[in-house]
Amino acid sequence: MQTQKKHANYYTKCAAVDPGERCKDATYKLSTCNKKKSGYILSLKDKTDQWTCVTCNKTNTPCSQGNKTACIKQPETNISLPEIIKDEDGFIDPAKASDALNNMTSLVKEMEKDKLSAVIDMGDVIGVLQIQANNTETEDFCYSSDQNVMNILDCQSDLETDSPWSVKIPSEAFDKARLERNERAFVGVLRFRNMGNTNYTNILNNESYGITMGAKISNLTDDIEMSIKQKNMAIKVGEASCVSWDGKGELKWTTSGCETEQINNTIQCSCSHLTFFAVLMIPQSDANETAPHLESLTLITSIGCGISMFFLSIALFMHFLLRKARSNQATKILMNMFVSLCLLNAAFLSNESVANTQDNTACVFIALVLHYSMLASFTWFFIQALHMYLWLIRQNVTITNYMRKITVLGWAFPTPIVIAIASVGEYKTLILKTSSEKISRMCWITNPYIHYIVNIGYYALVFIFTTGIFIIIVTKVVQARIIRATDGKRKTFRKQLMMVLSLFLLFGLTWSVAFFSYGAMIIPSYYIFTVLNSFQGFFLFLYYYHIHNDVAGRFSDDPRSSGSTTTVVQPNMNGLENVYK
């Protein structure tokens, strides 16, 4: 009863408060706000009977006495340096960026002795330089960048600010730097926009950051923590991956020593060393699921393409030097398909090496060749099925300049497509992340819409046509078998199976496995697709050798042509069987 009376008297005596006036100069206090992200907290002190106000709105406000949290520390001086010259595409040479970061050590010696912090201005390159004061306890250093300003922050809540980029460098790094340099520790931070070349357009916000302490800082137990926000949320750019570059040699990003955590539009990077940092956006919706298999799939593809290219070259050698004089139209169509597949395999095998040179012109060229040869291969699949259709289904068809027309179709059709894509600059370096902390590069189309419309869409049309011809031919074979059953001339199951497999290869139906790369089938379909299509050239060589070996050079799967006119007539079932022995 006495306690209740005491509290009643206490609340009777307390003064009224105007929240707006009392909280006008309120400061942030982490212990009071705890998990509260915004608003104000009013409290009444027992002894003084005075109201105090704490703001939980974390904003970057200038530091003042009594306001030591979530604030900007004003630099003591400004340092203006010559602007780094960019190339004709507006990109900063990584070597020049590395030199600029290394020059931070000399800037420390040039700073006045009574100055401990400075803002660096190099045009589009901005940064800060901060020296640890003598006889002070080692503490964490924090920074953020916003628009064209690099800020020095108090570290209690710097990673919670609204800045597009912020970093906390632990005191452990300063201890290591001071021990190695045997003098006062310092830290220099520079922000570079568009560092690299046009192959690196998938860097988040087009920003890279270099951090140096004039010493080799690695294997930290207390990681360097960076927070990067995606500026344009309307664009879905892919899966984030925190990467670094040691500043030596050519620009090669690696995930080694960095861990990535993505929360909505914010990427958290935790790295155990100091160097250049960026966030690469991997343009693959299934990047995390397929990354562990990327190296094995690449190995299988490289082996298969190498073997296929070797045997396709042998087949072309056999044709042009040994059989060209007596070849017919079907063989000529097959040889054109061999050339397109050989070119496709060669372009793929050399693609990664070209991408690693970071030569933009070479990358565009190899991507164009790879894309052209792939579209040409699809076109020759279509022509192969069209030829079978004209020979087996249609009756008494006369086509002038038949071979010349289909040859022009096979090689000319993809040309305007690749020229159009190259003219809009969509052949670039595609970044692929593996599970072994390695960044793989490939020169290819980076725009997913172009990939789906041009590649998937075009093959889908070819697939519909070739599948229809495949079904018709298989139906005719089954009917022929029924007719011949009365004479005891049944085909063996092995020969029928070989015929179906040959059609699959000739019509490129093995590429249709890509249509099943969804859900639970995504990984198995990738392996099936990789094996079938990387070894497709080898399988086609076996088919080519088999049919020519059977008929001893007298291949007669095609109607004879005379002059510039080809008459295509419907054959009997004997001709059909001879094709796929």
# chains A, B, ... in the order shown; residues from 1 in each chain; ligands from 1
$ select_by_dssp --residues "segment 253-396 of chain A" --states "alpha helix (DSSP H)" --output "ChimeraX atom specification"
/A:287-318,329-356,360-392
$ closest_atom_pairs --of "segment 120-190 of chain A" --to "segment 218-228 of chain A" --cutoff "7 Å" --atoms "only C-alpha atoms" --output "tab-separated table"
residue	atom	partner	partner_atom	distance
A:Leu159	CA	A:Ser227	CA	6.3
A:Pro164	CA	A:Ile228	CA	5.6
A:Trp165	CA	A:Ile228	CA	4.5
A:Ser166	CA	A:Ser227	CA	5.3
A:Val167	CA	A:Met226	CA	4.3
A:Lys168	CA	A:Glu225	CA	5.3
A:Ile169	CA	A:Ile224	CA	5.1
A:Pro170	CA	A:Ile224	CA	6.3
A:Glu172	CA	A:Asp222	CA	6.9
$ write_last_selection --atoms "N, CA, C and O atoms" --output "PDB file, in the first residue's frame"
ATOM      1  N   LEU A 159      27.150  -0.557 -40.712  1.00  0.00           N
ATOM      2  CA  LEU A 159      26.597  -1.465 -41.709  1.00  0.00           C
ATOM      3  C   LEU A 159      25.071  -1.433 -41.733  1.00  0.00           C
ATOM      4  O   LEU A 159      24.456  -2.112 -42.548  1.00  0.00           O
ATOM      5  N   PRO A 164      24.787   3.015 -50.205  1.00  0.00           N
ATOM      6  CA  PRO A 164      24.868   1.894 -51.163  1.00  0.00           C
ATOM      7  C   PRO A 164      25.995   0.924 -50.845  1.00  0.00           C
ATOM      8  O   PRO A 164      25.915  -0.249 -51.183  1.00  0.00           O
ATOM      9  N   TRP A 165      27.045   1.428 -50.207  1.00  0.00           N
ATOM     10  CA  TRP A 165      28.182   0.563 -49.861  1.00  0.00           C
ATOM     11  C   TRP A 165      28.763   1.000 -48.534  1.00  0.00           C
ATOM     12  O   TRP A 165      28.897   2.197 -48.254  1.00  0.00           O
ATOM     13  N   SER A 166      29.104   0.051 -47.698  1.00  0.00           N
ATOM     14  CA  SER A 166      29.774   0.357 -46.438  1.00  0.00           C
ATOM     15  C   SER A 166      30.675  -0.811 -46.074  1.00  0.00           C
ATOM     16  O   SER A 166      30.471  -1.945 -46.524  1.00  0.00           O
ATOM     17  N   VAL A 167      31.695  -0.514 -45.263  1.00  0.00           N
ATOM     18  CA  VAL A 167      32.660  -1.548 -44.878  1.00  0.00           C
ATOM     19  C   VAL A 167      33.133  -1.302 -43.454  1.00  0.00           C
ATOM     20  O   VAL A 167      33.230  -0.157 -43.009  1.00  0.00           O
ATOM     21  N   LYS A 168      33.395  -2.391 -42.769  1.00  0.00           N
ATOM     22  CA  LYS A 168      34.005  -2.319 -41.442  1.00  0.00           C
ATOM     23  C   LYS A 168      35.310  -3.103 -41.479  1.00  0.00           C
ATOM     24  O   LYS A 168      35.321  -4.298 -41.794  1.00  0.00           O
ATOM     25  N   ILE A 169      36.403  -2.419 -41.166  1.00  0.00           N
ATOM     26  CA  ILE A 169      37.726  -3.047 -41.138  1.00  0.00           C
ATOM     27  C   ILE A 169      38.084  -3.297 -39.676  1.00  0.00           C
ATOM     28  O   ILE A 169      38.171  -2.349 -38.878  1.00  0.00           O
ATOM     29  N   PRO A 170      38.272  -4.544 -39.288  1.00  0.00           N
ATOM     30  CA  PRO A 170      38.458  -4.864 -37.862  1.00  0.00           C
ATOM     31  C   PRO A 170      39.809  -4.382 -37.333  1.00  0.00           C
ATOM     32  O   PRO A 170      40.770  -4.170 -38.083  1.00  0.00           O
ATOM     33  N   GLU A 172      41.879  -6.050 -35.789  1.00  0.00           N
ATOM     34  CA  GLU A 172      42.901  -7.074 -36.022  1.00  0.00           C
ATOM     35  C   GLU A 172      43.761  -6.731 -37.238  1.00  0.00           C
ATOM     36  O   GLU A 172      44.974  -6.958 -37.249  1.00  0.00           O
TER      37      GLU A 172
END
$ atom_distance --atom1 "atom CA of Val408 of chain A" --atom2 "atom CA of Gln536 of chain A"
23.9 Å
$ closest_residue --among "A:Ala330, A:Val369, A:Ala315, A:Leu432" --to "Thr298 of chain A" --atoms "only C-alpha atoms"
A:Leu432
$ select_by_dssp --residues "segment 219-260 of chain A" --states "strand (DSSP E or B)" --output "JSON, numbers by chain"
{"A": [224, 225, 226, 227, 228, 229, 239, 240, 241, 242, 243, 244, 245, 254, 258, 259, 260]}
$ decode --residues "segment 70-190 of chain A" --atoms "C-alpha atoms" --output "PDB file, in the first residue's frame"
ATOM      1  CA  ALA A  70      25.860   6.188 -36.724  1.00  0.00           C
ATOM      2  CA  CYS A  71      27.506   9.430 -37.711  1.00  0.00           C
ATOM      3  CA  ILE A  72      29.941  10.817 -40.264  1.00  0.00           C
ATOM      4  CA  LYS A  73      33.343  11.863 -38.993  1.00  0.00           C
ATOM      5  CA  GLN A  74      34.495  14.944 -40.849  1.00  0.00           C
ATOM      6  CA  PRO A  75      37.871  14.480 -42.627  1.00  0.00           C
ATOM      7  CA  GLU A  76      40.649  16.869 -41.671  1.00  0.00           C
ATOM      8  CA  THR A  77      41.890  17.617 -45.186  1.00  0.00           C
ATOM      9  CA  ASN A  78      41.276  17.041 -48.893  1.00  0.00           C
ATOM     10  CA  ILE A  79      43.733  15.565 -51.371  1.00  0.00           C
ATOM     11  CA  SER A  80      43.171  16.126 -55.081  1.00  0.00           C
ATOM     12  CA  LEU A  81      45.052  13.902 -57.522  1.00  0.00           C
ATOM     13  CA  PRO A  82      45.113  13.648 -61.350  1.00  0.00           C
ATOM     14  CA  GLU A  83      42.131  11.811 -62.801  1.00  0.00           C
ATOM     15  CA  ILE A  84      42.736   8.284 -64.078  1.00  0.00           C
ATOM     16  CA  ILE A  85      42.426   8.281 -67.858  1.00  0.00           C
ATOM     17  CA  LYS A  86      39.781   5.863 -69.151  1.00  0.00           C
ATOM     18  CA  ASP A  87      39.764   3.955 -72.413  1.00  0.00           C
ATOM     19  CA  GLU A  88      37.504   4.806 -75.352  1.00  0.00           C
ATOM     20  CA  ASP A  89      34.711   2.674 -73.872  1.00  0.00           C
ATOM     21  CA  GLY A  90      34.821   4.587 -70.570  1.00  0.00           C
ATOM     22  CA  PHE A  91      36.544   1.851 -68.532  1.00  0.00           C
ATOM     23  CA  ILE A  92      39.444   2.175 -66.082  1.00  0.00           C
ATOM     24  CA  ASP A  93      42.486   0.015 -66.746  1.00  0.00           C
ATOM     25  CA  PRO A  94      42.843  -2.411 -63.775  1.00  0.00           C
ATOM     26  CA  ALA A  95      46.632  -1.892 -63.799  1.00  0.00           C
ATOM     27  CA  LYS A  96      46.165   1.870 -63.335  1.00  0.00           C
ATOM     28  CA  ALA A  97      43.672   1.233 -60.556  1.00  0.00           C
ATOM     29  CA  SER A  98      46.209  -1.022 -58.826  1.00  0.00           C
ATOM     30  CA  ASP A  99      48.887   1.675 -59.133  1.00  0.00           C
ATOM     31  CA  ALA A 100      46.533   4.269 -57.638  1.00  0.00           C
ATOM     32  CA  LEU A 101      45.841   2.022 -54.638  1.00  0.00           C
ATOM     33  CA  ASN A 102      49.550   1.316 -54.118  1.00  0.00           C
ATOM     34  CA  ASN A 103      50.284   5.066 -54.162  1.00  0.00           C
ATOM     35  CA  MET A 104      48.261   5.482 -50.967  1.00  0.00           C
ATOM     36  CA  THR A 105      51.382   4.570 -48.981  1.00  0.00           C
ATOM     37  CA  SER A 106      53.292   7.557 -50.395  1.00  0.00           C
ATOM     38  CA  LEU A 107      50.323   9.837 -49.659  1.00  0.00           C
ATOM     39  CA  VAL A 108      50.588   8.962 -45.973  1.00  0.00           C
ATOM     40  CA  LYS A 109      54.136  10.332 -45.886  1.00  0.00           C
ATOM     41  CA  GLU A 110      53.057  13.511 -47.675  1.00  0.00           C
ATOM     42  CA  MET A 111      50.213  14.289 -45.268  1.00  0.00           C
ATOM     43  CA  GLU A 112      50.833  16.891 -42.588  1.00  0.00           C
ATOM     44  CA  LYS A 113      51.830  15.405 -39.277  1.00  0.00           C
ATOM     45  CA  ASP A 114      48.804  16.822 -37.465  1.00  0.00           C
ATOM     46  CA  LYS A 115      46.348  15.450 -40.056  1.00  0.00           C
ATOM     47  CA  LEU A 116      44.949  11.957 -39.543  1.00  0.00           C
ATOM     48  CA  SER A 117      42.230  11.742 -42.206  1.00  0.00           C
ATOM     49  CA  ALA A 118      41.709  12.969 -45.744  1.00  0.00           C
ATOM     50  CA  VAL A 119      39.237  12.694 -48.605  1.00  0.00           C
ATOM     51  CA  ILE A 120      40.756  11.569 -51.919  1.00  0.00           C
ATOM     52  CA  ASP A 121      39.453  13.123 -55.138  1.00  0.00           C
ATOM     53  CA  MET A 122      40.558  11.669 -58.493  1.00  0.00           C
ATOM     54  CA  GLY A 123      37.589  12.605 -60.661  1.00  0.00           C
ATOM     55  CA  ASP A 124      35.304   9.585 -60.915  1.00  0.00           C
ATOM     56  CA  VAL A 125      37.556   7.784 -58.422  1.00  0.00           C
ATOM     57  CA  ILE A 126      36.888   8.807 -54.824  1.00  0.00           C
ATOM     58  CA  GLY A 127      38.274   7.563 -51.536  1.00  0.00           C
ATOM     59  CA  VAL A 128      39.485   8.220 -48.018  1.00  0.00           C
ATOM     60  CA  LEU A 129      42.815   7.931 -46.241  1.00  0.00           C
ATOM     61  CA  GLN A 130      42.910   7.544 -42.472  1.00  0.00           C
ATOM     62  CA  ILE A 131      45.887   7.170 -40.131  1.00  0.00           C
ATOM     63  CA  GLN A 132      45.658   5.627 -36.689  1.00  0.00           C
ATOM     64  CA  ALA A 133      46.566   8.106 -33.978  1.00  0.00           C
ATOM     65  CA  ASN A 134      49.598   7.492 -31.777  1.00  0.00           C
ATOM     66  CA  ASN A 135      49.171   6.035 -28.303  1.00  0.00           C
ATOM     67  CA  THR A 136      45.549   5.098 -28.909  1.00  0.00           C
ATOM     68  CA  GLU A 137      43.798   1.803 -28.494  1.00  0.00           C
ATOM     69  CA  THR A 138      43.280  -0.067 -31.744  1.00  0.00           C
ATOM     70  CA  GLU A 139      39.671   0.127 -32.907  1.00  0.00           C
ATOM     71  CA  ASP A 140      37.568  -0.814 -35.899  1.00  0.00           C
ATOM     72  CA  PHE A 141      37.450   1.630 -38.818  1.00  0.00           C
ATOM     73  CA  CYS A 142      34.311   2.038 -40.919  1.00  0.00           C
ATOM     74  CA  TYR A 143      33.508   3.739 -44.212  1.00  0.00           C
ATOM     75  CA  SER A 144      30.656   4.204 -46.643  1.00  0.00           C
ATOM     76  CA  SER A 145      30.158   5.667 -50.105  1.00  0.00           C
ATOM     77  CA  ASP A 146      27.161   7.586 -51.380  1.00  0.00           C
ATOM     78  CA  GLN A 147      26.957   9.280 -54.768  1.00  0.00           C
ATOM     79  CA  ASN A 148      30.295  11.096 -55.141  1.00  0.00           C
ATOM     80  CA  VAL A 149      31.281  11.114 -51.474  1.00  0.00           C
ATOM     81  CA  MET A 150      33.306   8.654 -49.368  1.00  0.00           C
ATOM     82  CA  ASN A 151      32.473   8.914 -45.675  1.00  0.00           C
ATOM     83  CA  ILE A 152      34.331   7.990 -42.499  1.00  0.00           C
ATOM     84  CA  LEU A 153      31.834   6.462 -40.082  1.00  0.00           C
ATOM     85  CA  ASP A 154      31.617   5.591 -36.461  1.00  0.00           C
ATOM     86  CA  CYS A 155      31.608   1.804 -36.316  1.00  0.00           C
ATOM     87  CA  GLN A 156      28.812   1.066 -33.874  1.00  0.00           C
ATOM     88  CA  SER A 157      26.152   0.802 -36.585  1.00  0.00           C
ATOM     89  CA  ASP A 158      27.803   1.643 -39.880  1.00  0.00           C
ATOM     90  CA  LEU A 159      26.597  -1.465 -41.709  1.00  0.00           C
ATOM     91  CA  GLU A 160      23.012  -0.541 -40.825  1.00  0.00           C
ATOM     92  CA  THR A 161      23.078   2.746 -42.734  1.00  0.00           C
ATOM     93  CA  ASP A 162      21.264   3.474 -45.988  1.00  0.00           C
ATOM     94  CA  SER A 163      24.490   3.980 -47.960  1.00  0.00           C
ATOM     95  CA  PRO A 164      24.868   1.894 -51.163  1.00  0.00           C
ATOM     96  CA  TRP A 165      28.182   0.563 -49.861  1.00  0.00           C
ATOM     97  CA  SER A 166      29.774   0.357 -46.438  1.00  0.00           C
ATOM     98  CA  VAL A 167      32.660  -1.548 -44.878  1.00  0.00           C
ATOM     99  CA  LYS A 168      34.005  -2.319 -41.442  1.00  0.00           C
ATOM    100  CA  ILE A 169      37.726  -3.047 -41.138  1.00  0.00           C
ATOM    101  CA  PRO A 170      38.458  -4.864 -37.862  1.00  0.00           C
ATOM    102  CA  SER A 171      41.097  -3.783 -35.382  1.00  0.00           C
ATOM    103  CA  GLU A 172      42.901  -7.074 -36.022  1.00  0.00           C
ATOM    104  CA  ALA A 173      43.878  -5.789 -39.475  1.00  0.00           C
ATOM    105  CA  PHE A 174      45.403  -2.651 -37.940  1.00  0.00           C
ATOM    106  CA  ASP A 175      47.399  -4.735 -35.464  1.00  0.00           C
ATOM    107  CA  LYS A 176      48.818  -6.814 -38.331  1.00  0.00           C
ATOM    108  CA  ALA A 177      49.609  -3.746 -40.411  1.00  0.00           C
ATOM    109  CA  ARG A 178      51.357  -1.967 -37.530  1.00  0.00           C
ATOM    110  CA  LEU A 179      53.377  -5.090 -36.744  1.00  0.00           C
ATOM    111  CA  GLU A 180      54.502  -5.551 -40.374  1.00  0.00           C
ATOM    112  CA  ARG A 181      55.184  -1.865 -41.110  1.00  0.00           C
ATOM    113  CA  ASN A 182      56.682  -1.140 -37.668  1.00  0.00           C
ATOM    114  CA  GLU A 183      54.991   2.263 -37.702  1.00  0.00           C
ATOM    115  CA  ARG A 184      51.561   3.820 -37.445  1.00  0.00           C
ATOM    116  CA  ALA A 185      48.875   1.887 -39.263  1.00  0.00           C
ATOM    117  CA  PHE A 186      46.743   3.488 -41.931  1.00  0.00           C
ATOM    118  CA  VAL A 187      43.971   2.463 -44.292  1.00  0.00           C
ATOM    119  CA  GLY A 188      43.205   3.717 -47.783  1.00  0.00           C
ATOM    120  CA  VAL A 189      39.911   3.062 -49.553  1.00  0.00           C
ATOM    121  CA  LEU A 190      39.179   3.875 -53.216  1.00  0.00           C
TER     122      LEU A 190
END
